[in-house]
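Everything on this sheet refers to the single structure shown next.
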Amino acid sequence: MSPAKLPSIRVFEEFLFRQADLLDSRNWDDWIALFADDGVYWMPLKPEQQDAENYPSIFLEDKALMAARVARLRDANAWGQQPPTRTVHLIANVRLDSGNGNGDIVVRSNFTVAEFRRDVLRHHAGTYTHHLRRAGKSFRIAMQRVDLINCDGVHEYNLQVFI
Amino acid sequence: MSMKGVSIGSLVQPDRVHRSLYVDPELFERELDQIFGRAWLYVGHESQVPNPGDYITTQLARQPVIMVRHTDGAIRVLHNRCSHHGSMIAGDRCGHVASVFTCMYHGWTFRTDGSLVGVPVPEDYEGTGFDVRNPRNGLGSVARVHNYRGFVFASLAAEGPEFTQFAGGALLGFDNMIDRAPDGVEVAGDCFRVIQHSNWKIFLENMFDNVHPRIVHQSSARGAKTAQQRFPAGAANHISLETFRLLALDQSFMQRLEIENYPWGHSNMSGFVSPRGQDAEWLAYEAVLRERHGEERAEQILSRNFHHTMIYPSAVLQPSFQQLRIVKPIAVDRTQIDIWLFRLKGAPKIVFRKALSYANGANSPSNMVSADDFESYYRVHQGLAGPGSDWVILSRQMGRDVVENGTVRTRVGSSEASQRNQFQAWRRYMIDEDGDAR
């Protein structure tokens, strides 16, 4: 698809805001539904990491693993969610990147996420890279890459929810 | 609580331990000296420093160290501290020096065996009693280093048992992992580093606690089941999900596990999930192993399934899935765990795919299982901080374990033999032959 035929940046912003809102409202089923059937949520361990097959990642989840995580988060006896995690996402600096060669549209953005659980407020920041595949009038996520600026730092708490 | 007037030895009894072991900052400082300051601690793997001049940095108890390959090919473990004013010589987690380490503060230089090369303005020291031309006035070295089949351990104490004597039966687990590799093992990328807001001993005890899984991890097990039902094809790729599902089976499943416990606090526990498969790629791996080791020996290696192998107090290995967790006590209520993944060189890709699924799913900072483990560690630590009740009960299967030549073997998986054994080692480290605090 040539850039001239791409929808306005506003359309992509709304898509990203919606996925963030679904996470913040713990509406994970609808969030997972944004992904293509072979879609992947990837949080690399290293900045600039290209290879998820030969090196470890913080998250590398297809729909099966996402479903397992969500089922646990909702489980009445998920002790680590008592009290539950709350999040607020802010997404900005949305820009179109060159495609990934598969015909997907690549959208990059910056995020900050405030995460609160049991008296502790944490702050995450980083970059999203969304590989979006056209599906009717909207898109489905082929890949959501989440680069935390502290990905290879020491992690103070377990990351229970999707960032 | 002050240790004055209280015998440290009395805090550990055969069937229970005092809560102060977990929450007393003074005892924690003593542990750094008496346990972490004397035990053989894991430093790193030789594949992290393949060439002379390659180094990594880490910390052993309170001591920052550099593990470096010297020009003679041997691995040295040096104090990461300039012999002049004390500045750390290496400020990054890994790197390479072409010939010498140069201190960023005043430019003192050192060879990779620690020896002093030079200082700026050497005449400043003439007649002062400090000889800047003596190479021995360089970086200090840790007292003892042992490279066990590529795994480098160090002891900060000059005295004490030799490494192989110290590690004893726990080497079975390390041997098993190494023997699974057709061409040796290597570190796969960087480690995960996570903080637990709890005392380091709570983590090590939990490694050999086979009653908690179906209570603590019931949500992960149900989550895994949901995923396997909704996405059977995708879920089949993730051995992590199968592991989670098994965590919450009936207790009789966990009772089948066997734990062997050795002097100095070490343990081996048998596994409940095996990487072995019947697919062509996996069978090709087994064929390679048979070629290397012969039929009988290969089968021995593949059928010996350890879930956890612990070299107390610093290393917990998962031999069948090639993961190594390193304990770094930061404070009485703060513990860093470094989690390394290894690659079996010469093995077909499927072997690493399973190890990687296990690492990403069950050991990464986002893993579902430790979300609930960390919560239990935190709650245990907070509960024990209260002075109202003193004792932690460790008497499951007490008196029913089998003792043979210093090895304690459990009859059923739920025995707290490992925990009792860890605290007996703790006691041995912390008090002398007369029962006095060291």
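Lettering and numbering for the structure tokens are positional, with chains as A, B, ... in the shown order, residues counted from 1 in each chain, and ligands counted from 1 in the shown order.
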
Open item on the list: Using only C-alpha atoms, I'd like every residue of chain B that has an atom within 6 Å of chain A; please write them out as a PyMOL selection string.
Closed with: chain B and resi 188-189+193-195+219-220+223-224+227+231+234-235+360+364-366+371-372+375

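Between atom CA of B:Val211 and atom CA of B:Pro275 lies a distance of 23.1 Å.
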
TODO: Please identify which residues in stretch 47-137 of chain A DSSP calls alpha helix (DSSP H) from the backbone, and express them as a list in words.
DONE: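 Everything in stretch 47-137 of chain A that counts as alpha helix (DSSP H) is Lys63, Ala64, Leu65, Met66, Ala67, Ala68, Arg69, Val70, Ala71, Arg72, Leu73 and Arg74 of chain A.
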
Go ahead and save the picked residues with N, CA, C and O atoms, as an mmCIF file, in the first residue's frame.
```cif
data_model
loop_
_atom_site.group_PDB
_atom_site.id
_atom_site.type_symbol
_atom_site.label_atom_id
_atom_site.label_comp_id
_atom_site.auth_asym_id
_atom_site.auth_seq_id
_atom_site.Cartn_x
_atom_site.Cartn_y
_atom_site.Cartn_z
ATOM 1 N N LYS A 63 -1.874 -15.800 21.150
ATOM 2 C CA LYS A 63 -3.203 -15.709 21.769
ATOM 3 C C LYS A 63 -3.397 -16.750 22.868
ATOM 4 O O LYS A 63 -4.119 -16.504 23.839
ATOM 5 N N ALA A 64 -2.751 -17.901 22.739
ATOM 6 C CA ALA A 64 -2.905 -18.930 23.777
ATOM 7 C C ALA A 64 -2.328 -18.427 25.105
ATOM 8 O O ALA A 64 -2.973 -18.537 26.154
ATOM 9 N N LEU A 65 -1.134 -17.852 25.051
ATOM 10 C CA LEU A 65 -0.518 -17.369 26.293
ATOM 11 C C LEU A 65 -1.261 -16.145 26.836
ATOM 12 O O LEU A 65 -1.408 -15.992 28.048
ATOM 13 N N MET A 66 -1.729 -15.284 25.921
ATOM 14 C CA MET A 66 -2.529 -14.142 26.385
ATOM 15 C C MET A 66 -3.772 -14.632 27.121
ATOM 16 O O MET A 66 -4.132 -14.102 28.171
ATOM 17 N N ALA A 67 -4.411 -15.651 26.558
ATOM 18 C CA ALA A 67 -5.644 -16.165 27.170
ATOM 19 C C ALA A 67 -5.345 -16.743 28.556
ATOM 20 O O ALA A 67 -6.129 -16.580 29.495
ATOM 21 N N ALA A 68 -4.202 -17.410 28.695
ATOM 22 C CA ALA A 68 -3.844 -17.982 29.996
ATOM 23 C C ALA A 68 -3.608 -16.860 31.012
ATOM 24 O O ALA A 68 -4.081 -16.930 32.155
ATOM 25 N N ARG A 69 -2.906 -15.829 30.591
ATOM 26 C CA ARG A 69 -2.622 -14.710 31.495
ATOM 27 C C ARG A 69 -3.928 -14.043 31.946
ATOM 28 O O ARG A 69 -4.116 -13.753 33.130
ATOM 29 N N VAL A 70 -4.823 -13.827 30.971
ATOM 30 C CA VAL A 70 -6.074 -13.134 31.294
ATOM 31 C C VAL A 70 -6.943 -13.990 32.215
ATOM 32 O O VAL A 70 -7.539 -13.489 33.173
ATOM 33 N N ALA A 71 -6.983 -15.292 31.940
ATOM 34 C CA ALA A 71 -7.781 -16.172 32.807
ATOM 35 C C ALA A 71 -7.245 -16.120 34.232
ATOM 36 O O ALA A 71 -8.008 -16.104 35.204
ATOM 37 N N ARG A 72 -5.927 -16.081 34.386
ATOM 38 C CA ARG A 72 -5.360 -15.983 35.738
ATOM 39 C C ARG A 72 -5.721 -14.646 36.380
ATOM 40 O O ARG A 72 -6.117 -14.595 37.540
ATOM 41 N N LEU A 73 -5.562 -13.556 35.616
ATOM 42 C CA LEU A 73 -5.831 -12.236 36.193
ATOM 43 C C LEU A 73 -7.261 -12.147 36.724
ATOM 44 O O LEU A 73 -7.546 -11.462 37.688
ATOM 45 N N ARG A 74 -8.184 -12.883 36.079
ATOM 46 C CA ARG A 74 -9.596 -12.840 36.459
ATOM 47 C C ARG A 74 -9.927 -13.850 37.552
ATOM 48 O O ARG A 74 -11.016 -13.817 38.114
#
```

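Rounded to one decimal, atom CA of B:His212 and atom CA of B:Phe28 lie 25.8 Å from each other.
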
Open item on the list: When you count only C-alpha atoms, which of these residues is closest to B:Gln165: B:Phe423, B:Phe253, B:Trp40, B:Tyr285?
Closed with: B:Trp40

Open item on the list: Write out as a PyMOL selection string the set of residues from stretch 180-417 of chain B that DSSP, computed on the backbone, places in strand (DSSP E).
Closed with: chain B and resi 185-187+192-196+259-261+267-270+306-311+315-318+323-331+334-344+391-393+402-404+407-409

Task: Contacts of stretch 112-118 of chain A at 10 Å (only C-alpha atoms; same-chain gap of 2+ positions) as JSON, numbers by chain - done: {"A": [20, 24, 80, 81, 82, 83, 84, 85, 86, 87, 88, 89, 90, 91, 92, 110, 120, 121, 122, 123, 124, 125, 126, 127, 148, 159, 161, 163]}

If you keep N, CA, C and O atoms, can you produce a file of those selected residues as a CSV table (one decimal), in the first residue's frame?
```csv
chain,number,residue,atom,x,y,z
A,20,ALA,N,-5.3,0.9,24.4
A,20,ALA,CA,-4.9,1.3,25.8
A,20,ALA,C,-6.0,1.3,26.8
A,20,ALA,O,-5.9,0.9,27.9
A,24,ASP,N,-6.6,-0.6,30.3
A,24,ASP,CA,-6.9,0.2,31.6
A,24,ASP,C,-8.2,-0.2,32.2
A,24,ASP,O,-8.3,-0.2,33.4
A,80,GLY,N,-1.7,-12.8,43.6
A,80,GLY,CA,-0.9,-11.6,43.2
A,80,GLY,C,-1.8,-10.5,42.7
A,80,GLY,O,-1.3,-9.4,42.4
A,81,GLN,N,-3.1,-10.7,42.6
A,81,GLN,CA,-4.0,-9.7,42.1
A,81,GLN,C,-5.0,-9.3,43.3
A,81,GLN,O,-6.0,-8.7,43.1
A,82,GLN,N,-4.5,-9.6,44.5
A,82,GLN,CA,-5.3,-9.2,45.7
A,82,GLN,C,-4.3,-8.3,46.5
A,82,GLN,O,-3.6,-8.9,47.3
A,83,PRO,N,-4.4,-7.0,46.4
A,83,PRO,CA,-5.3,-6.2,45.6
A,83,PRO,C,-4.9,-6.2,44.1
A,83,PRO,O,-3.7,-6.5,43.8
A,84,PRO,N,-5.8,-5.8,43.2
A,84,PRO,CA,-5.5,-5.9,41.8
A,84,PRO,C,-4.6,-4.7,41.3
A,84,PRO,O,-4.5,-3.7,42.1
A,85,THR,N,-4.1,-4.9,40.2
A,85,THR,CA,-3.3,-3.8,39.5
A,85,THR,C,-4.2,-2.8,38.8
A,85,THR,O,-5.1,-3.3,38.1
A,86,ARG,N,-3.9,-1.6,39.0
A,86,ARG,CA,-4.6,-0.5,38.2
A,86,ARG,C,-3.6,0.1,37.2
A,86,ARG,O,-2.4,0.3,37.7
A,87,THR,N,-4.0,0.5,36.0
A,87,THR,CA,-3.1,1.2,35.1
A,87,THR,C,-3.7,2.3,34.5
A,87,THR,O,-5.0,2.4,34.3
A,88,VAL,N,-2.9,3.3,34.1
A,88,VAL,CA,-3.3,4.4,33.2
A,88,VAL,C,-2.3,4.5,32.1
A,88,VAL,O,-1.1,4.7,32.4
A,89,HIS,N,-2.7,4.4,30.8
A,89,HIS,CA,-1.8,4.6,29.7
A,89,HIS,C,-1.9,6.0,29.1
A,89,HIS,O,-3.0,6.5,29.0
A,90,LEU,N,-0.8,6.6,28.8
A,90,LEU,CA,-0.7,7.8,27.9
A,90,LEU,C,0.1,7.4,26.7
A,90,LEU,O,1.2,6.9,26.8
A,91,ILE,N,-0.5,7.7,25.5
A,91,ILE,CA,0.2,7.4,24.3
A,91,ILE,C,0.3,8.7,23.5
A,91,ILE,O,-0.6,9.4,23.4
A,92,ALA,N,1.5,8.9,23.0
A,92,ALA,CA,1.8,10.1,22.2
A,92,ALA,C,2.8,9.9,21.1
A,92,ALA,O,3.3,8.8,21.0
A,110,ASN,N,5.0,6.6,21.5
A,110,ASN,CA,5.7,6.5,22.8
A,110,ASN,C,4.6,6.4,23.8
A,110,ASN,O,3.4,6.8,23.6
A,120,VAL,N,1.9,1.0,46.1
A,120,VAL,CA,3.1,1.3,45.4
A,120,VAL,C,2.7,1.8,44.0
A,120,VAL,O,2.0,1.1,43.2
A,121,LEU,N,3.2,3.0,43.6
A,121,LEU,CA,2.9,3.6,42.3
A,121,LEU,C,4.2,3.4,41.5
A,121,LEU,O,5.3,3.8,41.9
A,122,ARG,N,4.1,2.7,40.3
A,122,ARG,CA,5.3,2.5,39.5
A,122,ARG,C,5.1,3.2,38.2
A,122,ARG,O,3.9,3.5,37.8
A,123,HIS,N,6.1,3.5,37.5
A,123,HIS,CA,6.1,4.2,36.3
A,123,HIS,C,6.8,3.5,35.2
A,123,HIS,O,8.0,3.1,35.4
A,124,HIS,N,6.2,3.2,34.1
A,124,HIS,CA,6.8,2.6,32.9
A,124,HIS,C,6.8,3.6,31.8
A,124,HIS,O,5.9,4.4,31.6
A,125,ALA,N,7.9,3.5,31.0
A,125,ALA,CA,7.9,4.3,29.8
A,125,ALA,C,8.6,3.6,28.7
A,125,ALA,O,9.5,2.7,28.9
A,126,GLY,N,8.2,3.9,27.4
A,126,GLY,CA,8.9,3.2,26.3
A,126,GLY,C,8.2,3.5,25.0
A,126,GLY,O,7.5,4.5,24.9
A,127,THR,N,8.4,2.6,24.1
A,127,THR,CA,8.0,2.8,22.7
A,127,THR,C,7.2,1.6,22.2
A,127,THR,O,7.6,0.4,22.5
A,148,LEU,N,10.4,-1.3,26.6
A,148,LEU,CA,10.5,-0.5,27.8
A,148,LEU,C,11.9,0.1,27.8
A,148,LEU,O,12.9,-0.5,27.5
A,159,LEU,N,5.7,-8.2,36.4
A,159,LEU,CA,4.8,-7.5,35.5
A,159,LEU,C,3.6,-8.5,35.2
A,159,LEU,O,3.8,-9.4,34.5
A,161,VAL,N,0.3,-7.5,34.3
A,161,VAL,CA,-0.6,-7.1,33.3
A,161,VAL,C,0.2,-6.7,32.1
A,161,VAL,O,1.3,-6.3,32.1
A,163,ILE,N,1.5,-4.2,29.3
A,163,ILE,CA,1.8,-2.8,29.4
A,163,ILE,C,1.2,-2.2,28.1
A,163,ILE,O,1.4,-2.7,27.0
```

Open item on the list: I'd like the interatomic distance between atom CA of A:Leu96 and atom CA of A:Arg108, to a tenth of an Å.
Closed with: 6.2 Å

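Summary of the local environment: counting only C-alpha atoms, residues at most 10 Å from B:Leu171, other than itself and those fewer than 3 positions away along its chain, are B:Tyr148, B:Thr164, B:Gln165, B:Phe166, B:Ala167, B:Gly168, B:Phe174, B:Asp175, B:Asn176, B:Met177, B:His266, B:Ser267, B:Asn268, B:Thr309, B:Met310, B:Ile311.
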
Writing out the chosen residues with N, CA and C atoms as a JSON list (two decimals), in the first residue's frame:
```json
[["chain", "number", "residue", "atom", "x", "y", "z"],
["B", 148, "TYR", "N", 34.02, -25.25, 37.29],
["B", 148, "TYR", "CA", 33.48, -26.61, 37.21],
["B", 148, "TYR", "C", 32.80, -26.80, 35.85],
["B", 164, "THR", "N", 34.37, -29.25, 44.92],
["B", 164, "THR", "CA", 33.63, -30.47, 44.61],
["B", 164, "THR", "C", 33.16, -31.18, 45.87],
["B", 165, "GLN", "N", 33.97, -31.06, 46.92],
["B", 165, "GLN", "CA", 33.57, -31.64, 48.20],
["B", 165, "GLN", "C", 32.38, -30.87, 48.77],
["B", 166, "PHE", "N", 32.43, -29.53, 48.61],
["B", 166, "PHE", "CA", 31.36, -28.66, 49.10],
["B", 166, "PHE", "C", 30.06, -28.96, 48.35],
["B", 167, "ALA", "N", 30.11, -28.97, 47.02],
["B", 167, "ALA", "CA", 28.88, -29.09, 46.22],
["B", 167, "ALA", "C", 28.29, -30.50, 46.31],
["B", 168, "GLY", "N", 29.14, -31.50, 46.45],
["B", 168, "GLY", "CA", 28.68, -32.87, 46.67],
["B", 168, "GLY", "C", 27.65, -33.32, 45.65],
["B", 174, "PHE", "N", 24.17, -30.41, 37.85],
["B", 174, "PHE", "CA", 25.00, -29.66, 36.89],
["B", 174, "PHE", "C", 25.54, -30.61, 35.82],
["B", 175, "ASP", "N", 26.01, -31.79, 36.25],
["B", 175, "ASP", "CA", 26.49, -32.77, 35.27],
["B", 175, "ASP", "C", 25.39, -33.15, 34.29],
["B", 176, "ASN", "N", 24.18, -33.33, 34.83],
["B", 176, "ASN", "CA", 23.08, -33.75, 33.97],
["B", 176, "ASN", "C", 22.80, -32.72, 32.88],
["B", 177, "MET", "N", 22.80, -31.44, 33.26],
["B", 177, "MET", "CA", 22.54, -30.41, 32.26],
["B", 177, "MET", "C", 23.66, -30.37, 31.22],
["B", 266, "HIS", "N", 22.59, -28.17, 50.33],
["B", 266, "HIS", "CA", 22.22, -28.39, 48.93],
["B", 266, "HIS", "C", 21.10, -29.42, 48.79],
["B", 267, "SER", "N", 20.38, -29.36, 47.66],
["B", 267, "SER", "CA", 19.32, -30.34, 47.39],
["B", 267, "SER", "C", 19.19, -30.59, 45.89],
["B", 268, "ASN", "N", 18.69, -31.79, 45.57],
["B", 268, "ASN", "CA", 18.21, -32.13, 44.23],
["B", 268, "ASN", "C", 16.77, -32.57, 44.34],
["B", 309, "THR", "N", 18.03, -28.17, 41.17],
["B", 309, "THR", "CA", 19.28, -28.54, 41.82],
["B", 309, "THR", "C", 19.79, -27.28, 42.49],
["B", 310, "MET", "N", 20.03, -27.35, 43.78],
["B", 310, "MET", "CA", 20.46, -26.13, 44.48],
["B", 310, "MET", "C", 21.85, -26.31, 45.07],
["B", 311, "ILE", "N", 22.72, -25.37, 44.77],
["B", 311, "ILE", "CA", 23.98, -25.24, 45.52],
["B", 311, "ILE", "C", 23.77, -24.06, 46.46]]
```

Task: Option closest in space to B:Leu394, from B:Arg62, B:Pro52, B:Arg16, B:Ser7 [counting only C-alpha atoms] - done: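 Checking each candidate against B:Leu394, we get B:Arg16 as the closest.
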